[in-house]
file coords_21.txt (compact mmCIF, C-alpha atoms and all ligand atoms)
# COMPACT_ATOMS: atom_id res chain seq x y z
CA MET A 1 -2.71 27.90 -8.67
CA LEU A 2 -2.97 24.72 -6.54
CA CYS A 3 -0.47 21.89 -7.02
CA GLU A 4 -1.79 18.33 -7.48
CA ARG A 5 -1.47 17.41 -3.81
CA GLU A 6 -3.14 20.64 -2.62
CA LYS A 7 -6.12 19.93 -4.88
CA TYR A 8 -6.25 16.36 -3.60
CA ASP A 9 -6.17 17.56 0.04
CA LYS A 10 -8.90 20.14 -0.63
CA ILE A 11 -11.30 17.48 -1.96
CA SER A 12 -10.52 15.30 1.06
CA GLU A 13 -11.08 18.20 3.51
CA GLU A 14 -14.48 18.86 1.94
CA SER A 15 -15.52 15.24 2.34
CA ASN A 16 -14.29 15.32 5.94
CA ARG A 17 -16.42 18.34 6.73
CA LYS A 18 -19.46 16.44 5.45
CA THR A 19 -18.77 13.34 7.55
CA GLY A 20 -16.79 14.78 10.46
CA ASP A 21 -18.29 12.46 13.09
CA ASP A 22 -16.27 11.08 16.02
CA MET A 23 -14.48 7.90 15.10
CA LYS A 24 -11.93 5.59 16.65
CA ILE A 25 -9.74 3.62 14.25
CA ILE A 26 -7.27 0.81 14.98
CA VAL A 27 -4.25 0.76 12.65
CA SER A 28 -2.18 -2.44 12.50
CA GLY A 29 1.39 -2.34 11.16
CA ALA A 30 1.79 1.04 12.91
CA LYS A 31 5.60 0.82 12.74
CA GLY A 32 5.60 0.08 8.99
CA GLN A 33 5.60 2.44 6.01
CA LEU A 34 1.85 2.68 5.46
CA GLY A 35 0.62 2.31 9.05
CA TYR A 36 2.84 5.21 10.12
CA ASP A 37 1.36 7.60 7.55
CA VAL A 38 -2.22 6.43 8.17
CA ILE A 39 -1.86 7.26 11.88
CA LYS A 40 -0.39 10.66 11.02
CA ARG A 41 -3.31 11.38 8.70
CA LEU A 42 -5.97 10.25 11.21
CA GLU A 43 -4.40 12.43 13.88
CA ALA A 44 -4.29 15.41 11.51
CA LEU A 45 -8.02 14.92 10.93
CA GLY A 46 -8.70 14.78 14.66
CA ILE A 47 -9.76 11.13 14.46
CA GLN A 48 -8.70 8.91 17.37
CA ALA A 49 -6.04 6.47 16.12
CA VAL A 50 -4.92 3.39 18.02
CA GLY A 51 -1.70 2.09 16.44
CA VAL A 52 -0.58 -1.50 17.06
CA ASP A 53 2.36 -3.58 15.90
CA LEU A 54 4.72 -6.30 17.08
CA PRO A 55 5.59 -7.08 19.81
CA GLU A 56 2.51 -5.59 21.58
CA LEU A 57 -0.05 -7.32 19.38
CA ASP A 58 0.76 -10.32 17.20
CA ILE A 59 -2.09 -10.64 14.68
CA THR A 60 -1.52 -14.40 14.42
CA ASP A 61 -2.78 -14.73 18.02
CA ALA A 62 -6.55 -15.00 17.56
CA ASP A 63 -7.41 -14.59 21.26
CA ALA A 64 -5.20 -11.53 21.65
CA VAL A 65 -6.66 -9.89 18.53
CA GLY A 66 -10.24 -10.68 19.59
CA ALA A 67 -9.70 -9.34 23.12
CA PHE A 68 -7.95 -6.20 21.86
CA VAL A 69 -10.66 -5.25 19.36
CA SER A 70 -13.46 -6.02 21.83
CA ARG A 71 -11.77 -3.84 24.45
CA GLU A 72 -11.05 -0.90 22.12
CA LYS A 73 -14.47 -1.04 20.39
CA PRO A 74 -13.28 0.85 17.30
CA ASP A 75 -15.44 2.10 14.43
CA GLY A 76 -12.87 0.94 11.92
CA PHE A 77 -9.71 -1.15 11.53
CA ILE A 78 -7.14 -0.20 8.86
CA HIS A 79 -5.13 -3.39 8.52
CA CYS A 80 -1.62 -2.48 7.29
CA ALA A 81 0.31 -5.23 9.13
CA ALA A 82 1.72 -7.92 6.87
CA TYR A 83 4.64 -10.16 6.14
CA THR A 84 6.15 -8.17 3.24
CA ALA A 85 9.53 -9.82 2.49
CA VAL A 86 8.67 -11.09 -1.00
CA ASP A 87 11.83 -13.14 -1.65
CA ALA A 88 12.16 -14.51 1.90
CA ALA A 89 8.51 -15.61 1.67
CA GLU A 90 9.56 -18.36 -0.76
CA THR A 91 11.52 -20.05 2.05
CA GLU A 92 9.37 -18.86 4.99
CA LYS A 93 6.05 -19.88 3.46
CA GLU A 94 4.44 -20.92 6.72
CA LEU A 95 5.32 -17.71 8.56
CA CYS A 96 4.22 -15.58 5.60
CA SER A 97 0.83 -17.36 5.35
CA SER A 98 0.33 -17.32 9.07
CA VAL A 99 0.62 -13.49 9.13
CA ASN A 100 -1.06 -12.61 5.82
CA GLU A 101 -3.84 -15.20 5.82
CA LYS A 102 -4.42 -16.38 9.40
CA GLY A 103 -3.60 -12.96 10.89
CA THR A 104 -6.10 -11.33 8.54
CA LEU A 105 -8.72 -13.97 9.38
CA ASN A 106 -8.27 -13.10 13.08
CA VAL A 107 -8.64 -9.39 12.34
CA ALA A 108 -11.70 -9.93 10.12
CA ARG A 109 -13.47 -12.10 12.71
CA ALA A 110 -12.77 -9.57 15.47
CA CYS A 111 -14.11 -6.75 13.27
CA GLN A 112 -17.25 -8.73 12.44
CA LYS A 113 -17.90 -9.52 16.11
CA ASN A 114 -17.61 -5.82 16.97
CA ALA A 115 -19.54 -4.57 13.88
CA CYS A 116 -16.47 -2.61 12.89
CA LYS A 117 -15.38 -1.62 9.36
CA LEU A 118 -12.23 -3.21 7.97
CA ILE A 119 -9.82 -2.00 5.29
CA TYR A 120 -7.50 -4.79 4.15
CA ILE A 121 -4.47 -3.65 2.15
CA SER A 122 -3.61 -5.98 -0.71
CA THR A 123 -1.37 -6.03 -3.74
CA ASP A 124 -1.02 -6.22 -7.52
CA TYR A 125 0.72 -9.56 -6.85
CA VAL A 126 -2.68 -11.29 -6.61
CA PHE A 127 -2.80 -11.11 -10.45
CA SER A 128 -0.84 -13.21 -12.93
CA GLY A 129 1.15 -10.27 -14.29
CA GLU A 130 0.53 -11.52 -17.83
CA GLY A 131 -0.56 -9.44 -20.83
CA GLU A 132 -0.54 -5.68 -21.22
CA GLU A 133 -4.12 -4.82 -20.27
CA GLU A 134 -5.16 -3.22 -16.98
CA PHE A 135 -6.44 -5.69 -14.39
CA GLU A 136 -9.97 -4.89 -13.25
CA THR A 137 -10.81 -5.45 -9.58
CA ASP A 138 -12.64 -8.68 -10.52
CA SER A 139 -10.11 -9.99 -13.08
CA PRO A 140 -9.04 -13.62 -12.49
CA LYS A 141 -6.47 -14.06 -9.75
CA ALA A 142 -3.30 -16.11 -10.32
CA PRO A 143 -0.42 -15.03 -8.06
CA CYS A 144 3.05 -15.88 -9.38
CA ASN A 145 4.78 -16.10 -5.98
CA HIS A 146 4.02 -17.17 -2.40
CA TYR A 147 3.67 -13.64 -1.02
CA GLY A 148 1.00 -12.92 -3.66
CA ALA A 149 -0.81 -16.17 -2.85
CA SER A 150 -0.79 -15.35 0.87
CA LYS A 151 -2.17 -11.85 0.25
CA LEU A 152 -4.92 -13.32 -1.95
CA ALA A 153 -5.79 -15.76 0.84
CA GLY A 154 -5.92 -12.70 3.12
CA GLU A 155 -8.37 -10.99 0.74
CA ILE A 156 -10.64 -14.04 0.86
CA ALA A 157 -10.39 -14.28 4.66
CA ALA A 158 -11.25 -10.57 5.00
CA SER A 159 -14.19 -10.48 2.58
CA GLU A 160 -15.72 -13.80 3.70
CA ASN A 161 -15.54 -13.04 7.42
CA CYS A 162 -16.34 -9.33 7.67
CA ASP A 163 -19.44 -7.74 6.12
CA LYS A 164 -18.09 -4.18 6.31
CA CYS A 165 -14.97 -4.88 4.28
CA PHE A 166 -12.90 -2.78 1.87
CA ILE A 167 -10.02 -4.35 -0.06
CA VAL A 168 -7.49 -1.85 -1.40
CA ARG A 169 -4.78 -3.16 -3.76
CA ILE A 170 -1.61 -1.12 -4.08
CA SER A 171 1.87 -1.62 -5.57
CA TRP A 172 5.49 -0.40 -5.47
CA VAL A 173 5.10 1.32 -2.09
CA PHE A 174 7.31 4.11 -0.74
CA GLY A 175 6.98 6.14 2.45
CA VAL A 176 9.15 7.93 5.00
CA ASN A 177 8.99 5.18 7.61
CA GLY A 178 10.83 2.23 6.15
CA LYS A 179 12.97 0.71 3.43
CA ASN A 180 11.83 0.96 -0.17
CA PHE A 181 13.05 1.17 -3.78
CA VAL A 182 13.55 4.95 -3.71
CA ARG A 183 15.78 4.79 -0.64
CA THR A 184 17.75 1.86 -2.12
CA MET A 185 18.37 3.75 -5.37
CA LEU A 186 19.49 6.87 -3.48
CA ARG A 187 21.85 4.83 -1.29
CA LEU A 188 23.39 2.95 -4.23
CA SER A 189 23.82 6.16 -6.22
CA GLU A 190 26.23 7.41 -3.54
CA THR A 191 28.83 4.83 -4.60
CA LYS A 192 27.86 3.64 -8.11
CA ASP A 193 28.25 5.37 -11.47
CA GLU A 194 25.84 2.92 -13.10
CA LEU A 195 22.91 0.81 -11.87
CA THR A 196 21.12 -1.94 -13.78
CA VAL A 197 17.36 -1.82 -13.27
CA VAL A 198 14.63 -3.96 -14.87
CA CYS A 199 12.77 -2.36 -17.74
CA ASP A 200 10.08 -4.94 -18.59
CA GLN A 201 7.94 -4.79 -15.43
CA VAL A 202 5.27 -2.10 -15.74
CA GLY A 203 3.32 -0.71 -12.81
CA SER A 204 2.58 2.33 -10.66
CA PRO A 205 4.33 3.52 -7.50
CA THR A 206 2.23 4.24 -4.39
CA TYR A 207 3.22 6.99 -1.94
CA THR A 208 1.92 6.08 1.52
CA GLU A 209 1.21 9.72 2.43
CA ASP A 210 -1.17 10.04 -0.55
CA LEU A 211 -2.76 6.63 0.03
CA ALA A 212 -3.36 7.50 3.69
CA VAL A 213 -5.57 10.42 2.59
CA LEU A 214 -7.78 8.05 0.59
CA LEU A 215 -7.94 5.35 3.28
CA CYS A 216 -9.00 7.86 5.94
CA ASP A 217 -11.76 9.11 3.62
CA MET A 218 -12.84 5.60 2.69
CA ILE A 219 -13.19 4.29 6.26
CA LYS A 220 -15.84 6.93 6.92
CA THR A 221 -18.07 5.66 4.13
CA GLU A 222 -20.07 2.49 3.65
CA LYS A 223 -18.83 1.99 0.09
CA TYR A 224 -17.51 -1.50 0.81
CA GLY A 225 -15.82 -3.38 -2.02
CA VAL A 226 -12.56 -3.81 -3.89
CA TYR A 227 -10.40 -0.88 -5.05
CA HIS A 228 -7.10 -0.28 -6.80
CA ALA A 229 -5.31 2.75 -5.40
CA THR A 230 -1.82 3.54 -6.67
CA ASN A 231 -0.51 6.95 -7.67
CA GLU A 232 -1.56 7.87 -11.21
CA GLY A 233 0.57 6.98 -14.24
CA LEU A 234 2.61 3.98 -15.31
CA CYS A 235 6.33 3.35 -15.50
CA THR A 236 8.90 0.59 -15.48
CA TRP A 237 11.30 0.19 -12.54
CA ALA A 238 14.07 1.58 -14.79
CA GLU A 239 11.98 4.68 -15.58
CA PHE A 240 11.16 5.07 -11.89
CA ALA A 241 14.88 4.85 -11.05
CA ALA A 242 15.81 7.36 -13.76
CA GLU A 243 13.26 9.85 -12.38
CA ILE A 244 14.63 9.36 -8.85
CA MET A 245 18.14 10.20 -10.13
CA ARG A 246 16.92 13.21 -12.10
CA LEU A 247 14.87 14.71 -9.27
CA ALA A 248 17.58 14.03 -6.68
CA GLY A 249 20.25 15.53 -8.96
CA ARG A 250 22.31 12.31 -8.99
CA LYS A 251 24.66 11.50 -11.87
CA THR A 252 24.30 7.69 -11.67
CA LYS A 253 23.31 6.22 -15.04
CA ILE A 254 20.40 3.76 -15.09
CA ILE A 255 21.05 0.79 -17.39
CA PRO A 256 17.76 -0.92 -18.36
CA VAL A 257 17.83 -4.75 -18.25
CA ALA A 258 15.24 -7.47 -18.85
CA SER A 259 13.90 -9.40 -15.83
CA SER A 260 15.49 -12.51 -17.34
CA GLU A 261 18.90 -10.87 -16.73
CA TYR A 262 18.05 -9.91 -13.14
CA LYS A 263 17.14 -13.06 -11.25
CA THR A 264 15.27 -12.84 -7.95
CA VAL A 265 14.19 -15.66 -5.63
CA ALA A 266 10.50 -14.86 -6.12
CA VAL A 267 9.09 -14.29 -9.61
CA ARG A 268 7.77 -10.73 -10.14
CA PRO A 269 4.76 -9.90 -12.33
CA LEU A 270 5.60 -8.13 -15.62
CA ASN A 271 2.23 -6.42 -15.83
CA SER A 272 0.97 -4.58 -12.73
CA ARG A 273 -1.41 -2.21 -14.53
CA MET A 274 -4.55 -1.87 -12.37
CA SER A 275 -7.81 -0.15 -13.31
CA LYS A 276 -9.11 2.63 -11.01
CA LYS A 277 -12.70 2.29 -12.24
CA SER A 278 -14.11 1.40 -8.81
CA LEU A 279 -12.56 4.52 -7.23
CA ASP A 280 -14.20 6.67 -9.93
CA GLU A 281 -17.55 4.89 -9.71
CA ASN A 282 -17.72 5.40 -5.95
CA GLY A 283 -16.74 9.06 -6.02
CA PHE A 284 -13.26 8.69 -4.50
CA SER A 285 -10.44 10.89 -5.83
CA ARG A 286 -7.57 9.19 -7.59
CA LEU A 287 -4.14 9.73 -6.08
CA PRO A 288 -1.84 12.38 -7.64
CA ALA A 289 0.65 11.43 -10.40
CA TRP A 290 3.57 9.31 -9.20
CA GLN A 291 6.13 11.89 -10.40
CA ASP A 292 4.45 14.55 -8.26
CA ALA A 293 4.41 12.16 -5.28
CA LEU A 294 8.07 11.29 -5.77
CA GLU A 295 9.11 14.94 -5.88
CA ARG A 296 7.31 15.65 -2.59
CA TYR A 297 8.76 12.50 -1.01
CA LEU A 298 12.34 13.47 -1.98
CA GLY A 299 11.68 16.93 -0.52
CA ILE A 300 10.70 15.34 2.81
CA LEU A 301 13.73 13.01 2.79
CA ASN A 302 15.94 16.07 2.25
CA GLU A 303 14.51 17.70 5.36
CA CYS A 304 15.18 14.57 7.50
N1 LIG B 1 5.76 -2.59 0.37
C1 LIG B 1 5.21 -2.76 -0.83
O1 LIG B 1 5.83 -2.50 -1.88
C2 LIG B 1 3.78 -3.23 -0.93
C3 LIG B 1 3.22 -3.44 -2.20
C4 LIG B 1 1.89 -3.86 -2.29
C5 LIG B 1 1.14 -4.05 -1.14
N2 LIG B 1 1.72 -3.85 0.07
C6 LIG B 1 0.89 -4.09 1.27
O2 LIG B 1 0.73 -2.84 1.93
C7 LIG B 1 0.62 -3.05 3.34
C8 LIG B 1 1.60 -2.14 4.06
O3 LIG B 1 2.92 -2.42 3.58
P1 LIG B 1 4.20 -1.69 4.20
O4 LIG B 1 5.17 -1.51 3.09
O5 LIG B 1 3.77 -0.54 5.05
O6 LIG B 1 4.72 -2.88 5.13
P2 LIG B 1 5.87 -2.85 6.25
O7 LIG B 1 6.58 -1.54 6.22
O8 LIG B 1 6.64 -4.11 6.09
O9 LIG B 1 5.03 -2.88 7.60
C9 LIG B 1 4.33 -4.04 8.00
C10 LIG B 1 4.27 -4.04 9.51
O10 LIG B 1 3.56 -5.21 9.94
C11 LIG B 1 4.25 -5.77 11.06
N3 LIG B 1 3.96 -7.18 11.26
C12 LIG B 1 4.54 -8.26 10.68
N4 LIG B 1 4.08 -9.41 11.22
C13 LIG B 1 3.18 -9.05 12.17
C14 LIG B 1 2.39 -9.78 13.10
N5 LIG B 1 2.43 -11.12 13.16
N6 LIG B 1 1.57 -9.09 13.95
C15 LIG B 1 1.54 -7.75 13.93
N7 LIG B 1 2.28 -6.98 13.07
C16 LIG B 1 3.10 -7.64 12.21
C17 LIG B 1 5.71 -5.54 10.69
O11 LIG B 1 6.53 -5.71 11.83
P3 LIG B 1 8.06 -6.24 11.60
O12 LIG B 1 8.74 -5.23 10.75
O13 LIG B 1 8.58 -6.32 13.00
O14 LIG B 1 7.94 -7.58 10.93
C18 LIG B 1 5.67 -4.11 10.16
O15 LIG B 1 5.78 -3.16 11.20
C19 LIG B 1 0.83 -4.55 3.56
O16 LIG B 1 -0.43 -5.16 3.62
C20 LIG B 1 1.53 -5.01 2.30
O17 LIG B 1 1.27 -6.37 2.02
C21 LIG B 1 3.00 -3.45 0.22
call {"tool": "encode", "arguments": {"input": "coords_21.txt", "output": "structure tokens"}}
result
Amino acid sequence: MLCEREKYDKISEESNRKTGDDMKIIVSGAKGQLGYDVIKRLEALGIQAVGVDLPELDITDADAVGAFVSREKPDGFIHCAAYTAVDAAETEKELCSSVNEKGTLNVARACQKNACKLIYISTDYVFSGEGEEEFETDSPKAPCNHYGASKLAGEIAASENCDKCFIVRISWVFGVNGKNFVRTMLRLSETKDELTVVCDQVGSPTYTEDLAVLLCDMIKTEKYGVYHATNEGLCTWAEFAAEIMRLAGRKTKIIPVASSEYKTVAVRPLNSRMSKKSLDENGFSRLPAWQDALERYLGILNEC
């Protein structure tokens, strides 16, 4: 009997056999959580991956980006680089916008000039976070913080300046190469008997290793458009934390609190439910359940 991830890999392998042509893909944000796993996945598929990050290539430098893409002549560009410090973005607005909007504009223009496909990674934060319904890909946008506004501006820059553009919105990201909520919870559980975690923000975690499988399949197609691609299933941050403790065998008690009792510099959306309809309609597999992804992730962390 195949586990969820094995089934997911099998479907991906079949689609790779059908489209196993030679490709060269640039991956920005190569030293970040997602970029790292995308490069690993491309290499596992035998696809040539060119990873870039600071300081070698600053995406806010239009000339450098243009020259780099023209020299490499890639078939695709998976754009994972971003300014991702959500709270700091409220005080570093200019820097955040320069990376997420202007940097993306530079990447999109370079891709267009070289007739190269672009995947821009975006976020649930482009939506208002109001209500309890799922956001469709074309639901109205109304970011509640500066990071979300800058990522929305990046979406517009990507789609208006590159014809071969995919936009993939994700949320609550965790991966082996970087800091994230899971690692923070594990670290705090070493010294705390109790942890207060918000229980009124609902969304879906995204495991970069699973997302990388989808992105590497997607870049080979011409099914341009907007997608939502988190792991399957919903939870609150408190439920996510409780599952981390359970699976990691930690005794720390998770105390659920309302967002109003846990102030952050940037406002967070309460509702991050996102519809996967466009994945289904275009024949892409949904990612495995978040609990399954978390269990595999904790297994990998244990081996490190
Ligand atoms: N993390 C989340 O929870 C989350 C949720 C929704 C969507 N996303 C989106 O998912 C994507 C990947 O996120 P992630 O968690 O993998 O991010 P990450 O770990 O923060 O990696 C982003 C990478 O981009 C680099 N970068 C920053 N400014 C740059 C510049 N001017 N030029 C070139 N590279 C630059 C960063 O370098 P430095 O570290 O040196 O700055 C870092 O290596 C991003 O588009 C993000 O907006 C993330």
call {"tool": "closest_atom_pairs", "arguments": {"input": "coords_21.txt", "of": "chain A", "to": "ligand LIG 1 (chain B)", "cutoff": "9 Å", "atoms": "all atoms listed in the file", "output": "JSON lines"}}
result
{"residue": "A:Ser28", "atom": "CA", "partner": "B:LIG1", "partner_atom": "N7", "distance": 6.4}
{"residue": "A:Gly29", "atom": "CA", "partner": "B:LIG1", "partner_atom": "C10", "distance": 3.7}
{"residue": "A:Ala30", "atom": "CA", "partner": "B:LIG1", "partner_atom": "O15", "distance": 6.0}
{"residue": "A:Lys31", "atom": "CA", "partner": "B:LIG1", "partner_atom": "O15", "distance": 4.3}
{"residue": "A:Gly32", "atom": "CA", "partner": "B:LIG1", "partner_atom": "O9", "distance": 3.3}
{"residue": "A:Gln33", "atom": "CA", "partner": "B:LIG1", "partner_atom": "O5", "distance": 3.6}
{"residue": "A:Leu34", "atom": "CA", "partner": "B:LIG1", "partner_atom": "O5", "distance": 3.8}
{"residue": "A:Gly35", "atom": "CA", "partner": "B:LIG1", "partner_atom": "O5", "distance": 5.8}
{"residue": "A:Tyr36", "atom": "CA", "partner": "B:LIG1", "partner_atom": "O5", "distance": 7.7}
{"residue": "A:Asp37", "atom": "CA", "partner": "B:LIG1", "partner_atom": "O5", "distance": 8.8}
{"residue": "A:Val52", "atom": "CA", "partner": "B:LIG1", "partner_atom": "C15", "distance": 7.3}
{"residue": "A:Asp53", "atom": "CA", "partner": "B:LIG1", "partner_atom": "N7", "distance": 4.4}
{"residue": "A:Leu54", "atom": "CA", "partner": "B:LIG1", "partner_atom": "C15", "distance": 4.7}
{"residue": "A:Pro55", "atom": "CA", "partner": "B:LIG1", "partner_atom": "C15", "distance": 7.2}
{"residue": "A:Glu56", "atom": "CA", "partner": "B:LIG1", "partner_atom": "C15", "distance": 8.0}
{"residue": "A:Leu57", "atom": "CA", "partner": "B:LIG1", "partner_atom": "C15", "distance": 5.7}
{"residue": "A:Asp58", "atom": "CA", "partner": "B:LIG1", "partner_atom": "N6", "distance": 3.6}
{"residue": "A:Ile59", "atom": "CA", "partner": "B:LIG1", "partner_atom": "N6", "distance": 4.0}
{"residue": "A:Thr60", "atom": "CA", "partner": "B:LIG1", "partner_atom": "N5", "distance": 5.3}
{"residue": "A:Asp61", "atom": "CA", "partner": "B:LIG1", "partner_atom": "N5", "distance": 8.0}
{"residue": "A:His79", "atom": "CA", "partner": "B:LIG1", "partner_atom": "O16", "distance": 7.0}
{"residue": "A:Cys80", "atom": "CA", "partner": "B:LIG1", "partner_atom": "C8", "distance": 4.6}
{"residue": "A:Ala81", "atom": "CA", "partner": "B:LIG1", "partner_atom": "O10", "distance": 3.3}
{"residue": "A:Ala82", "atom": "CA", "partner": "B:LIG1", "partner_atom": "O10", "distance": 4.5}
{"residue": "A:Tyr83", "atom": "CA", "partner": "B:LIG1", "partner_atom": "C12", "distance": 4.9}
{"residue": "A:Thr84", "atom": "CA", "partner": "B:LIG1", "partner_atom": "O8", "distance": 5.0}
{"residue": "A:Ala85", "atom": "CA", "partner": "B:LIG1", "partner_atom": "O8", "distance": 7.3}
{"residue": "A:Leu95", "atom": "CA", "partner": "B:LIG1", "partner_atom": "N5", "distance": 8.5}
{"residue": "A:Cys96", "atom": "CA", "partner": "B:LIG1", "partner_atom": "N4", "distance": 8.3}
{"residue": "A:Ser98", "atom": "CA", "partner": "B:LIG1", "partner_atom": "N5", "distance": 7.7}
{"residue": "A:Val99", "atom": "CA", "partner": "B:LIG1", "partner_atom": "N5", "distance": 5.0}
{"residue": "A:Asn100", "atom": "CA", "partner": "B:LIG1", "partner_atom": "O17", "distance": 7.7}
{"residue": "A:Gly103", "atom": "CA", "partner": "B:LIG1", "partner_atom": "N5", "distance": 6.7}
{"residue": "A:Tyr120", "atom": "CA", "partner": "B:LIG1", "partner_atom": "O16", "distance": 7.1}
{"residue": "A:Ile121", "atom": "CA", "partner": "B:LIG1", "partner_atom": "O16", "distance": 4.6}
{"residue": "A:Ser122", "atom": "CA", "partner": "B:LIG1", "partner_atom": "C5", "distance": 5.1}
{"residue": "A:Thr123", "atom": "CA", "partner": "B:LIG1", "partner_atom": "C5", "distance": 4.1}
{"residue": "A:Asp124", "atom": "CA", "partner": "B:LIG1", "partner_atom": "C4", "distance": 6.4}
{"residue": "A:Tyr125", "atom": "CA", "partner": "B:LIG1", "partner_atom": "C4", "distance": 7.4}
{"residue": "A:Tyr147", "atom": "CA", "partner": "B:LIG1", "partner_atom": "O17", "distance": 8.2}
{"residue": "A:Gly148", "atom": "CA", "partner": "B:LIG1", "partner_atom": "O17", "distance": 8.7}
{"residue": "A:Lys151", "atom": "CA", "partner": "B:LIG1", "partner_atom": "O17", "distance": 6.7}
{"residue": "A:Val168", "atom": "CA", "partner": "B:LIG1", "partner_atom": "C5", "distance": 8.9}
{"residue": "A:Arg169", "atom": "CA", "partner": "B:LIG1", "partner_atom": "C5", "distance": 6.5}
{"residue": "A:Ile170", "atom": "CA", "partner": "B:LIG1", "partner_atom": "C4", "distance": 4.8}
{"residue": "A:Ser171", "atom": "CA", "partner": "B:LIG1", "partner_atom": "C4", "distance": 4.0}
{"residue": "A:Trp172", "atom": "CA", "partner": "B:LIG1", "partner_atom": "O1", "distance": 4.2}
{"residue": "A:Val173", "atom": "CA", "partner": "B:LIG1", "partner_atom": "O1", "distance": 3.9}
{"residue": "A:Phe174", "atom": "CA", "partner": "B:LIG1", "partner_atom": "O1", "distance": 6.9}
{"residue": "A:Gly175", "atom": "CA", "partner": "B:LIG1", "partner_atom": "O5", "distance": 7.9}
{"residue": "A:Asn177", "atom": "CA", "partner": "B:LIG1", "partner_atom": "O7", "distance": 7.3}
{"residue": "A:Gly178", "atom": "CA", "partner": "B:LIG1", "partner_atom": "O7", "distance": 5.7}
{"residue": "A:Lys179", "atom": "CA", "partner": "B:LIG1", "partner_atom": "O7", "distance": 7.3}
{"residue": "A:Asn180", "atom": "CA", "partner": "B:LIG1", "partner_atom": "N1", "distance": 7.1}
{"residue": "A:Phe181", "atom": "CA", "partner": "B:LIG1", "partner_atom": "O1", "distance": 8.3}
{"residue": "A:Pro205", "atom": "CA", "partner": "B:LIG1", "partner_atom": "O1", "distance": 8.4}
{"residue": "A:Thr206", "atom": "CA", "partner": "B:LIG1", "partner_atom": "O1", "distance": 8.0}
{"residue": "A:Thr208", "atom": "CA", "partner": "B:LIG1", "partner_atom": "O5", "distance": 7.7}
call {"tool": "closest_residue", "arguments": {"input": "coords_21.txt", "among": "A:Ser189, A:Ser204, A:Thr196, A:Thr264", "to": "Gln291 (chain A)", "atoms": "all atoms listed in the file"}}
result
A:Ser204
call {"tool": "residues_near_point", "arguments": {"input": "coords_21.txt", "point": "(-8.5, -11.0, 10.8)", "cutoff": "9 Å", "atoms": "all atoms listed in the file", "output": "PyMOL selection string"}}
result
chain A and resi 59-60+62+65-66+79+101-111+154+157-158+161-162
call {"tool": "atom_distance", "arguments": {"input": "coords_21.txt", "atom1": "CA of Ala266 (chain A)", "atom2": "CA of Ala89 (chain A)"}}
result
8.1 Å
call {"tool": "closest_residue", "arguments": {"input": "coords_21.txt", "among": "A:Asn145, A:Thr236, A:Ser272, A:Thr252", "to": "Leu195 (chain A)", "atoms": "only C-alpha atoms"}}
result
A:Thr252
call {"tool": "closest_residue", "arguments": {"input": "coords_21.txt", "among": "A:Phe284, A:Gly131, A:Asp22, A:Met274", "to": "Ile47 (chain A)", "atoms": "all atoms listed in the file"}}
result
A:Asp22
call {"tool": "residues_around", "arguments": {"input": "coords_21.txt", "residues": "Cys304 (chain A)", "least_positions_apart": "6", "cutoff": "12 Å", "atoms": "only C-alpha atoms", "output": "number ranges by chain"}}
result
A: 176-177, 297-298
call {"tool": "residues_around", "arguments": {"input": "coords_21.txt", "residues": "region 256-263 of chain A", "least_positions_apart": "3", "cutoff": "8 Å", "atoms": "only C-alpha atoms", "output": "list in words"}}
result
Thr196, Val197, Val198, Cys199, Asp200, Gln201 and Ala238 of chain A
call {"tool": "atom_distance", "arguments": {"input": "coords_21.txt", "atom1": "CA of Ile25 (chain A)", "atom2": "CA of Val38 (chain A)"}}
result
10.1 Å
call {"tool": "atom_distance", "arguments": {"input": "coords_21.txt", "atom1": "CA of Ile300 (chain A)", "atom2": "CA of Ala49 (chain A)"}}
result
23.2 Å
call {"tool": "closest_residue", "arguments": {"input": "coords_21.txt", "among": "A:Leu287, A:Arg268, A:Leu215, A:Asn282", "to": "Gly233 (chain A)", "atoms": "only C-alpha atoms"}}
result
A:Leu287
